[in-house]
>>> print(open('work.txt').read())   # compact mmCIF, C-alpha atoms
# COMPACT_ATOMS: atom_id res chain seq x y z
CA MET A 1 28.70 -15.67 4.31
CA ALA A 2 25.89 -17.87 3.17
CA ALA A 3 23.55 -19.12 5.82
CA VAL A 4 22.35 -22.69 5.71
CA LYS A 5 18.88 -22.70 4.25
CA ALA A 6 16.62 -25.16 5.93
CA ALA A 7 12.85 -25.14 5.94
CA GLY A 8 13.12 -22.46 8.59
CA ARG A 9 12.03 -18.92 8.11
CA GLU A 10 14.32 -16.21 6.93
CA PRO A 11 14.04 -12.72 8.38
CA PRO A 12 11.90 -10.16 6.53
CA VAL A 13 13.48 -8.67 3.41
CA ASN A 14 15.35 -5.52 4.34
CA TYR A 15 14.13 -3.19 1.59
CA VAL A 16 16.11 -0.18 2.75
CA ASP A 17 19.38 -2.11 2.42
CA ARG A 18 18.37 -3.75 -0.85
CA THR A 19 17.39 -0.41 -2.36
CA ARG A 20 20.74 1.02 -1.34
CA GLU A 21 22.60 -1.94 -2.88
CA GLN A 22 20.52 -1.79 -6.05
CA TYR A 23 20.93 1.96 -6.51
CA ALA A 24 24.67 1.73 -5.89
CA SER A 25 25.07 -1.13 -8.34
CA LEU A 26 23.15 0.72 -11.04
CA GLY A 27 24.98 3.97 -10.40
CA TYR A 28 22.13 5.95 -8.88
CA GLY A 29 22.38 8.26 -5.90
CA GLU A 30 21.31 7.15 -2.47
CA TYR A 31 17.73 7.71 -1.35
CA ARG A 32 17.10 9.16 2.09
CA TRP A 33 14.26 7.23 3.66
CA ALA A 34 11.95 8.75 6.21
CA HIS A 35 12.99 7.84 9.69
CA GLU A 36 10.67 8.91 12.45
CA ASP A 37 12.34 9.18 15.84
CA ASP A 38 9.24 10.27 17.70
CA PRO A 39 6.67 7.61 18.49
CA PRO A 40 3.34 8.03 16.69
CA ALA A 41 0.18 9.26 18.33
CA LEU A 42 -2.18 6.44 19.26
CA VAL A 43 -5.88 7.13 19.56
CA PRO A 44 -7.90 4.37 21.23
CA LEU A 45 -10.78 2.84 19.32
CA THR A 46 -14.02 4.22 20.71
CA LYS A 47 -16.10 1.18 19.81
CA PRO A 48 -15.67 -2.35 18.48
CA LEU A 49 -14.93 -2.71 14.76
CA ALA A 50 -18.22 -4.60 14.49
CA GLU A 51 -19.91 -1.27 15.15
CA SER A 52 -17.46 0.96 13.30
CA ARG A 53 -17.47 2.67 9.92
CA LEU A 54 -14.20 1.66 8.31
CA GLY A 55 -12.31 3.68 5.73
CA LEU A 56 -9.74 2.18 3.37
CA ILE A 57 -6.71 3.86 1.78
CA GLY A 58 -4.66 1.81 -0.66
CA SER A 59 -1.45 3.04 -2.26
CA GLY A 60 -1.15 0.51 -5.06
CA GLY A 61 -2.10 2.86 -7.89
CA ILE A 62 -5.71 1.67 -8.07
CA TYR A 63 -8.32 3.44 -10.18
CA ALA A 64 -11.83 2.64 -11.38
CA VAL A 65 -12.79 2.34 -15.02
CA GLY A 66 -13.93 5.83 -16.03
CA GLN A 67 -11.28 7.53 -13.94
CA THR A 68 -7.95 8.88 -15.09
CA PRO A 69 -5.14 6.71 -13.76
CA PHE A 70 -2.03 7.89 -11.98
CA THR A 71 1.21 8.94 -13.56
CA PHE A 72 4.50 7.33 -12.58
CA ARG A 73 6.19 10.57 -11.57
CA ASP A 74 5.58 11.74 -8.00
CA ASP A 75 1.80 11.74 -8.41
CA THR A 76 0.29 13.14 -5.19
CA THR A 77 -3.34 12.94 -6.34
CA TYR A 78 -5.84 10.38 -5.14
CA ARG A 79 -8.99 8.68 -6.41
CA ALA A 80 -12.25 8.19 -4.53
CA ILE A 81 -13.67 4.72 -5.14
CA ARG A 82 -17.30 3.99 -4.28
CA SER A 83 -17.32 1.20 -1.73
CA ASP A 84 -20.17 -0.59 -3.52
CA ILE A 85 -18.31 -0.77 -6.84
CA ASP A 86 -18.01 -4.10 -8.64
CA SER A 87 -14.35 -5.01 -8.10
CA SER A 88 -14.06 -6.06 -11.75
CA GLN A 89 -14.13 -2.31 -12.47
CA LEU A 90 -10.92 -1.69 -10.53
CA ARG A 91 -7.51 -1.43 -12.18
CA ALA A 92 -3.94 -1.27 -10.91
CA THR A 93 -1.12 0.76 -12.41
CA HIS A 94 2.23 1.25 -10.73
CA PHE A 95 5.96 1.30 -11.41
CA ALA A 96 7.29 -0.38 -8.30
CA TYR A 97 5.69 -3.79 -7.97
CA ASP A 98 4.72 -6.77 -10.11
CA LEU A 99 1.12 -6.04 -11.10
CA THR A 100 0.25 -9.54 -12.31
CA ASP A 101 -1.58 -10.73 -9.22
CA ALA A 102 -3.18 -7.37 -8.41
CA ARG A 103 -4.65 -7.28 -11.91
CA ALA A 104 -5.92 -10.86 -11.54
CA ASP A 105 -7.48 -10.10 -8.14
CA ILE A 106 -7.48 -6.53 -6.86
CA ASN A 107 -7.99 -7.81 -3.31
CA CYS A 108 -4.25 -8.55 -3.13
CA VAL A 109 -3.64 -4.82 -2.79
CA PHE A 110 -7.09 -3.30 -2.22
CA PRO A 111 -9.12 -5.73 -0.10
CA ILE A 112 -12.55 -4.45 -1.02
CA ASP A 113 -14.33 -7.80 -1.48
CA THR A 114 -12.59 -9.18 1.59
CA LEU A 115 -13.85 -6.29 3.70
CA ARG A 116 -17.37 -6.42 2.24
CA GLY A 117 -17.47 -10.10 3.22
CA LEU A 118 -16.58 -9.17 6.77
CA VAL A 119 -19.23 -6.44 6.86
CA GLU A 120 -21.75 -9.05 5.73
CA ALA A 121 -20.54 -11.38 8.48
CA GLY A 122 -20.91 -8.63 11.07
CA ALA A 123 -17.21 -8.36 11.93
CA VAL A 124 -17.07 -4.80 10.59
CA GLY A 125 -19.93 -2.34 11.03
CA ALA A 126 -19.82 -0.74 7.59
CA LEU A 127 -17.48 0.52 4.93
CA ALA A 128 -17.26 4.25 4.36
CA PRO A 129 -19.13 5.28 1.18
CA SER A 130 -15.86 6.31 -0.45
CA LEU A 131 -12.59 4.44 -0.28
CA TYR A 132 -9.37 6.07 -1.42
CA ALA A 133 -6.54 5.08 -3.69
CA CYS A 134 -3.24 6.81 -4.24
CA MET A 135 0.11 6.15 -5.79
CA GLY A 136 2.39 5.88 -2.82
CA GLY A 137 5.62 5.88 -4.76
CA ILE A 138 6.33 9.53 -4.07
CA TYR A 139 9.95 10.53 -3.56
CA SER A 140 9.22 13.76 -1.70
CA GLN A 141 8.17 13.16 1.88
CA ARG A 142 7.37 16.86 2.16
CA ARG A 143 4.83 16.55 -0.66
CA VAL A 144 3.21 13.59 1.07
CA ARG A 145 2.98 15.52 4.33
CA GLU A 146 1.79 18.77 2.76
CA GLU A 147 -0.25 17.71 -0.28
CA LEU A 148 -1.55 14.15 -0.25
CA GLY A 149 -1.81 13.53 3.50
CA PRO A 150 -3.94 16.54 4.51
CA GLN A 151 -6.38 15.92 1.65
CA LEU A 152 -6.94 12.31 2.63
CA VAL A 153 -7.30 13.26 6.27
CA ALA A 154 -9.91 15.88 5.35
CA ARG A 155 -11.82 13.40 3.21
CA CYS A 156 -11.83 10.73 5.94
CA LEU A 157 -13.04 13.25 8.51
CA SER A 158 -15.86 14.50 6.29
CA ASP A 159 -16.83 10.88 5.54
CA GLY A 160 -17.31 10.37 9.28
CA VAL A 161 -15.13 7.27 9.48
CA ASP A 162 -14.46 5.72 12.87
CA VAL A 163 -11.25 3.96 11.82
CA VAL A 164 -9.05 3.67 8.73
CA LEU A 165 -7.23 0.65 7.32
CA LEU A 166 -4.20 1.53 5.17
CA VAL A 167 -2.77 -0.83 2.58
CA PRO A 168 0.56 0.20 1.05
CA VAL A 169 2.14 -1.83 -1.73
CA MET B 1 8.31 3.96 -0.90
CA CYS B 2 4.58 3.29 -0.77
CA HIS B 3 5.06 1.93 2.69
CA GLN B 4 6.77 5.14 3.69
CA THR B 5 4.02 7.29 2.16
CA VAL B 6 1.31 5.32 3.90
CA GLY B 7 3.16 5.43 7.21
CA LEU B 8 3.29 9.22 7.02
CA ILE B 9 -0.43 9.44 6.20
CA ALA B 10 -1.34 7.04 9.01
CA ARG B 11 0.44 9.29 11.48
CA GLN B 12 -1.43 12.32 10.17
CA LEU B 13 -4.78 10.54 10.46
CA GLU B 14 -4.07 9.49 14.01
CA GLU B 15 -3.05 13.05 14.88
CA ALA B 16 -6.51 14.03 13.60
CA ASP B 17 -8.02 11.56 16.11
CA VAL B 18 -8.73 8.79 13.62
CA PRO B 19 -7.45 5.38 14.74
CA THR B 20 -5.51 3.61 11.98
CA LEU B 21 -3.98 0.28 11.19
CA SER B 22 -1.44 -0.16 8.39
CA MET B 23 -0.87 -3.51 6.74
CA THR B 24 2.71 -3.98 5.53
CA SER B 25 4.91 -6.35 3.60
CA ALA B 26 8.03 -4.19 4.03
CA ARG B 27 8.64 -4.42 7.74
CA ASP B 28 11.80 -2.31 7.85
CA ILE B 29 10.34 0.61 5.90
CA THR B 30 7.21 0.54 8.02
CA ARG B 31 9.28 0.50 11.18
CA ALA B 32 11.23 3.53 9.97
CA ALA B 33 8.09 5.47 9.00
CA TRP B 34 6.56 4.24 12.27
CA PRO B 35 2.77 4.31 11.83
CA PRO B 36 0.58 4.04 14.94
CA ARG B 37 -0.39 0.37 14.42
CA ALA B 38 0.86 -2.13 11.86
CA VAL B 39 0.43 -5.75 10.87
CA PHE B 40 3.24 -7.43 8.94
CA LEU B 41 2.41 -10.06 6.33
CA ASP B 42 5.62 -11.67 5.06
CA TYR B 43 4.65 -11.84 1.38
CA PRO B 44 6.37 -10.39 -1.70
CA LEU B 45 5.47 -6.81 -2.65
CA GLY B 46 2.16 -6.67 -4.49
CA HIS B 47 0.39 -8.91 -1.96
CA THR B 48 -0.03 -6.68 1.08
CA ALA B 49 -3.53 -8.02 1.76
CA GLY B 50 -3.20 -11.55 0.41
CA ARG B 51 -3.07 -13.76 -2.68
CA ALA B 52 -4.93 -13.69 -5.98
CA GLY B 53 -7.99 -15.92 -6.13
CA GLU B 54 -7.80 -17.08 -2.51
CA PRO B 55 -10.69 -15.34 -0.79
CA GLU B 56 -10.77 -17.69 2.21
CA LEU B 57 -7.09 -17.14 2.95
CA ASN B 58 -7.44 -13.41 2.44
CA ARG B 59 -10.40 -13.34 4.77
CA ALA B 60 -8.40 -15.16 7.48
CA ILE B 61 -5.57 -12.65 7.03
CA MET B 62 -8.04 -9.78 7.39
CA VAL B 63 -9.69 -11.30 10.46
CA ASP B 64 -6.26 -11.50 12.12
CA THR B 65 -5.45 -7.99 10.95
CA LEU B 66 -8.63 -6.55 12.43
CA ALA B 67 -8.04 -8.46 15.67
CA ALA B 68 -4.67 -6.72 15.92
CA PHE B 69 -6.36 -3.39 15.20
CA GLU B 70 -8.47 -3.87 18.33
CA ALA B 71 -5.69 -5.35 20.44
CA ILE B 72 -2.71 -3.04 19.89
CA ASP B 73 -2.39 -0.55 22.72
CA GLU B 74 1.26 0.40 22.36
CA PRO B 75 2.04 3.29 19.95
CA GLY B 76 3.91 2.06 16.90
CA ALA B 77 3.53 -1.65 17.60
CA ILE B 78 3.90 -4.10 14.70
CA VAL B 79 2.12 -7.47 14.93
CA ASP B 80 3.69 -10.26 12.85
CA LEU B 81 1.19 -12.55 11.14
CA PRO B 82 2.17 -16.22 10.84
CA TYR B 83 1.32 -16.73 7.15
CA ARG B 84 4.07 -17.83 4.75
CA TRP B 85 4.25 -17.19 1.03
CA ALA B 86 5.75 -20.63 0.30
CA GLU B 87 7.24 -23.54 2.17
CA SER B 88 10.65 -22.03 1.49
CA ASP B 89 11.56 -18.39 2.01
CA GLY B 90 13.83 -18.64 -1.04
CA TRP B 91 11.80 -15.96 -2.87
CA LYS B 92 13.51 -13.40 -0.67
CA ASP B 93 16.92 -14.10 -2.20
CA THR B 94 16.24 -12.38 -5.50
CA VAL B 95 14.21 -9.38 -4.34
CA MET B 96 15.91 -6.30 -5.81
CA ARG B 97 18.98 -8.35 -6.60
CA PRO B 98 20.57 -9.94 -9.64
CA PRO B 99 18.56 -12.93 -10.93
CA THR B 100 21.11 -15.28 -9.38
CA GLY B 101 20.45 -13.81 -5.94
CA ASP B 102 24.14 -13.01 -5.61
CA PRO B 103 24.76 -9.30 -4.97
CA GLY B 104 28.14 -9.71 -6.68
CA GLY B 105 26.45 -10.95 -9.86
CA GLU B 106 25.20 -9.04 -12.86
CA TRP B 107 22.49 -6.53 -12.04
CA VAL B 108 19.58 -5.93 -14.34
CA ASP B 109 17.92 -2.52 -14.24
CA ASP B 110 14.28 -3.59 -14.23
CA ARG B 111 12.98 -0.36 -12.81
CA VAL B 112 10.10 1.09 -14.76
CA GLU B 113 10.49 4.52 -16.31
CA ARG B 114 8.69 7.29 -14.43
CA TYR B 115 6.24 8.24 -17.14
CA PRO B 116 4.77 11.69 -16.48
CA ASP B 117 1.40 10.93 -18.09
CA PRO B 118 -1.50 8.78 -16.82
CA GLN B 119 -0.77 5.06 -17.12
CA TYR B 120 -3.82 3.07 -18.19
CA GLN B 121 -4.01 -0.64 -17.46
CA GLU B 122 -6.24 -1.26 -20.47
CA VAL B 123 -6.53 0.71 -23.70
CA ALA B 124 -10.31 0.71 -23.27
CA ASP B 125 -9.90 2.49 -19.93
CA GLU B 126 -8.64 5.56 -21.72
CA VAL B 127 -11.78 5.65 -23.83
CA ALA B 128 -13.93 5.22 -20.71
CA ALA B 129 -12.11 8.01 -18.91
CA ALA B 130 -12.49 10.32 -21.89
CA ALA B 131 -16.23 9.62 -21.91
CA THR B 132 -16.50 10.34 -18.19
CA HIS B 133 -14.65 13.61 -18.48
CA ALA B 134 -16.07 14.88 -21.74
CA GLY B 135 -16.88 18.53 -21.29
CA ARG B 136 -17.66 18.35 -17.61
CA GLU B 137 -16.10 17.95 -14.27
CA CYS B 138 -15.64 14.42 -13.08
CA ALA B 139 -17.70 13.38 -10.10
CA VAL B 140 -15.61 10.41 -9.10
CA CYS B 141 -12.04 11.31 -9.98
CA VAL B 142 -11.41 13.62 -7.11
CA GLY B 143 -8.03 15.16 -6.75
CA ILE B 144 -6.71 14.81 -10.25
CA ASP B 145 -6.74 18.47 -11.10
CA LEU B 146 -4.37 19.72 -8.45
>>> encode(input="work.txt", output="C-alpha cells")
Amino acid sequence: MAAVKAAGREPPVNYVDRTREQYASLGYGEYRWAHEDDPPALVPLTKPLAESRLGLIGSGGIYAVGQTPFTFRDDTTYRAIRSDIDSSQLRATHFAYDLTDARADINCVFPIDTLRGLVEAGAVGALAPSLYACMGGIYSQRRVREELGPQLVARCLSDGVDVVLLVPV
Amino acid sequence: MCHQTVGLIARQLEEADVPTLSMTSARDITRAAWPPRAVFLDYPLGHTAGRAGEPELNRAIMVDTLAAFEAIDEPGAIVDLPYRWAESDGWKDTVMRPPTGDPGGEWVDDRVERYPDPQYQEVADEVAAAATHAGRECAVCVGIDL
C-alpha cells in the first residue's frame, strides 16, 4: 500500500530486499548475504585523529593511471595508491554502481582530496603513504575473509597506521 | 556487496587492533555485516563520501564522519548523518526496481556483465598500464598477480 509522500524523509533503501526482488523478477537465484550475529571487536582510539596516521580503503574499483584495473568477476586483488597522487590520475571501474559522478570527481567514492584538506587543516594528523583500493563486489565471503582481508590488514599494519577509514560503494 | 566486503574487512582490521570507521550508503547491508563503527550517509550508491564537485559539502560530511569515529564507544554502532540527497526522497523509489518504481511493472535487467578481464575507464589507461608493466614487475600495482 502506497504511503503518502510528503516532504518528509523515507527510510533508508533496503538493498537486501530490493536485491531479492530484482533477482526473483529476473529469474536469478537468491543471494545469501553475510549476517554477523556476533558483535564486532571495538578497539579504542589511542590518540586524537588530529595526531593519528589515517589509512583509507575504498571498494569502488579505483585504480591509478599506469595500473591494471580490476576485472568484474570476483576480483580479490587490491591496488596501492600513493597518498600524494594527483586525484586527476585516479579512475573508477565497477559493475554495480553508476560511475558518472565518481568519474567526474573521485572524492565521491575515494575522498582523497577531502582528507588531504583535513590534514592541512590539522583535523587529521597524516595520511598513510599508501591508500588502498579494491573491488568490493565479491560474491564469495570466504574469499574476502581468506584472500583480500588478510592482505589489506597486513599492509595496514606494516604501514603503521593508527586508524583506517573504509569507504564501500 | 561492496558494503558487505568492507564490513568483513573492517572487522578483521579491528581484530588486528586497528580502529576502523566504515562510511555507508547501504544501511541494511552494513548492519548485517556489522562493522565496528559506521556512519550512514543517505545518498544513492556511488556517493558514499559525498557529491561530485562539492568540496565544501564533502568536507562537512567528512568532519562529521571523523567526529563519529572519535565518539562511538559501542561496538557496531551506526551514526546517521543528517544530509539529504534532494528535497524529496523520491530517488529511492526506483533503486533496483522497474523504471516506474512499481515492483509489479516491467523489470529491465541493467546489471553489467561480469567481464573476466581488466576493465579500463579510458583507452589510454591501457597504454599507460602496458608501459608501466613492460618487462618488469610493477611497483605500484600490488596484488594483481595473485
>>> residues_around(input="work.txt", residues="A:Leu49", least_positions_apart="6", cutoff="8 Å", atoms="all atoms listed in the file", output="list in words")
Ala123, Val124 and Gly125 of chain A; Leu66 and Glu70 of chain B
>>> write_last_selection(input="work.txt", atoms="C-alpha atoms", output="compact mmCIF listing (two decimals), keeping the file's coordinate frame")
# COMPACT_ATOMS: atom_id res chain seq x y z
CA ALA A 123 -17.21 -8.36 11.93
CA VAL A 124 -17.07 -4.80 10.59
CA GLY A 125 -19.93 -2.34 11.03
CA LEU B 66 -8.63 -6.55 12.43
CA GLU B 70 -8.47 -3.87 18.33
>>> residues_around(input="work.txt", residues="A:Asp38", least_positions_apart="4", cutoff="12 Å", atoms="all atoms listed in the file", output="PyMOL selection string")
(chain A and resi 34) or (chain B and resi 11+31-36+75-76)
>>> closest_atom_pairs(input="work.txt", of="stretch 23-114 of chain B", to="stretch 115-120 of chain A", cutoff="10 Å", atoms="only C-alpha atoms", output="tab-separated table")
residue	atom	partner	partner_atom	distance
B:Pro55	CA	A:Gly117	CA	9.5
B:Asn58	CA	A:Leu115	CA	9.7
B:Arg59	CA	A:Leu118	CA	7.7
B:Met62	CA	A:Leu115	CA	7.7
B:Val63	CA	A:Leu118	CA	8.1
>>> closest_residue(input="work.txt", among="B:Asp80, B:Asp102, B:Asp110, B:Asp125", to="chain A", atoms="all atoms listed in the file")
B:Asp125
>>> closest_residue(input="work.txt", among="B:Thr94, B:Ile29, B:Leu81, B:Phe69", to="A:Asp17", atoms="only C-alpha atoms")
B:Ile29
>>> atom_distance(input="work.txt", atom1="atom CA of A:Tyr15", atom2="atom CA of A:Gln151")
28.0 Å
>>> closest_residue(input="work.txt", among="B:Ala134, B:Ala60, B:Ala77, B:Ala128", to="chain A", atoms="only C-alpha atoms")
B:Ala128
>>> residues_around(input="work.txt", residues="A:Asp105", least_positions_apart="3", cutoff="7 Å", atoms="all atoms listed in the file", output="short mmCIF file (atom, residue, chain, number, x, y, z; two decimals) with C-alpha atoms, in the coordinates of the input")
data_model
loop_
_atom_site.label_atom_id
_atom_site.label_comp_id
_atom_site.auth_asym_id
_atom_site.auth_seq_id
_atom_site.Cartn_x
_atom_site.Cartn_y
_atom_site.Cartn_z
CA ASP A 101 -1.58 -10.73 -9.22
CA ALA A 102 -3.18 -7.37 -8.41
CA CYS A 108 -4.25 -8.55 -3.13
CA ALA B 52 -4.93 -13.69 -5.98
CA GLY B 53 -7.99 -15.92 -6.13
#
>>> axis_aligned_box(input="work.txt", around="stretch 83-88 of chain A", padding_each_side="6 Å", output="lines of an AutoDock Vina configuration file")
center_x = -17.1
center_y = -2.4
center_z = -6.7
size_x = 18.1
size_y = 19.3
size_z = 22.0
>>> residues_around(input="work.txt", residues="stretch 38-41 of chain B", least_positions_apart="5", cutoff="6 Å", atoms="only C-alpha atoms", output="VMD selection string")
chain B and resid 21 to 25 78 to 81
>>> write_last_selection(input="work.txt", atoms="C-alpha atoms", output="compact mmCIF listing (two decimals), in the frame of the given file")
# COMPACT_ATOMS: atom_id res chain seq x y z
CA LEU B 21 -3.98 0.28 11.19
CA SER B 22 -1.44 -0.16 8.39
CA MET B 23 -0.87 -3.51 6.74
CA THR B 24 2.71 -3.98 5.53
CA SER B 25 4.91 -6.35 3.60
CA ILE B 78 3.90 -4.10 14.70
CA VAL B 79 2.12 -7.47 14.93
CA ASP B 80 3.69 -10.26 12.85
CA LEU B 81 1.19 -12.55 11.14
>>> closest_residue(input="work.txt", among="B:Ala129, B:Asp109, B:Ala10, B:Val18", to="A:Tyr28", atoms="only C-alpha atoms")
B:Asp109
>>> closest_residue(input="work.txt", among="A:Asn107, A:Ser59, A:Thr93, A:Ser88", to="A:Leu152", atoms="only C-alpha atoms")
A:Ser59
>>> residues_around(input="work.txt", residues="stretch 129-143 of chain A", least_positions_apart="5", cutoff="6 Å", atoms="only C-alpha atoms", output="number ranges by chain")
A: 56-62, 74, 78-83; B: 1-2, 5
>>> closest_residue(input="work.txt", among="B:Arg37, B:Val108, B:Thr65, B:His47", to="chain A", atoms="all atoms listed in the file")
B:His47
>>> atom_distance(input="work.txt", atom1="atom CA of A:Arg73", atom2="atom CA of B:Pro116")
5.2 Å
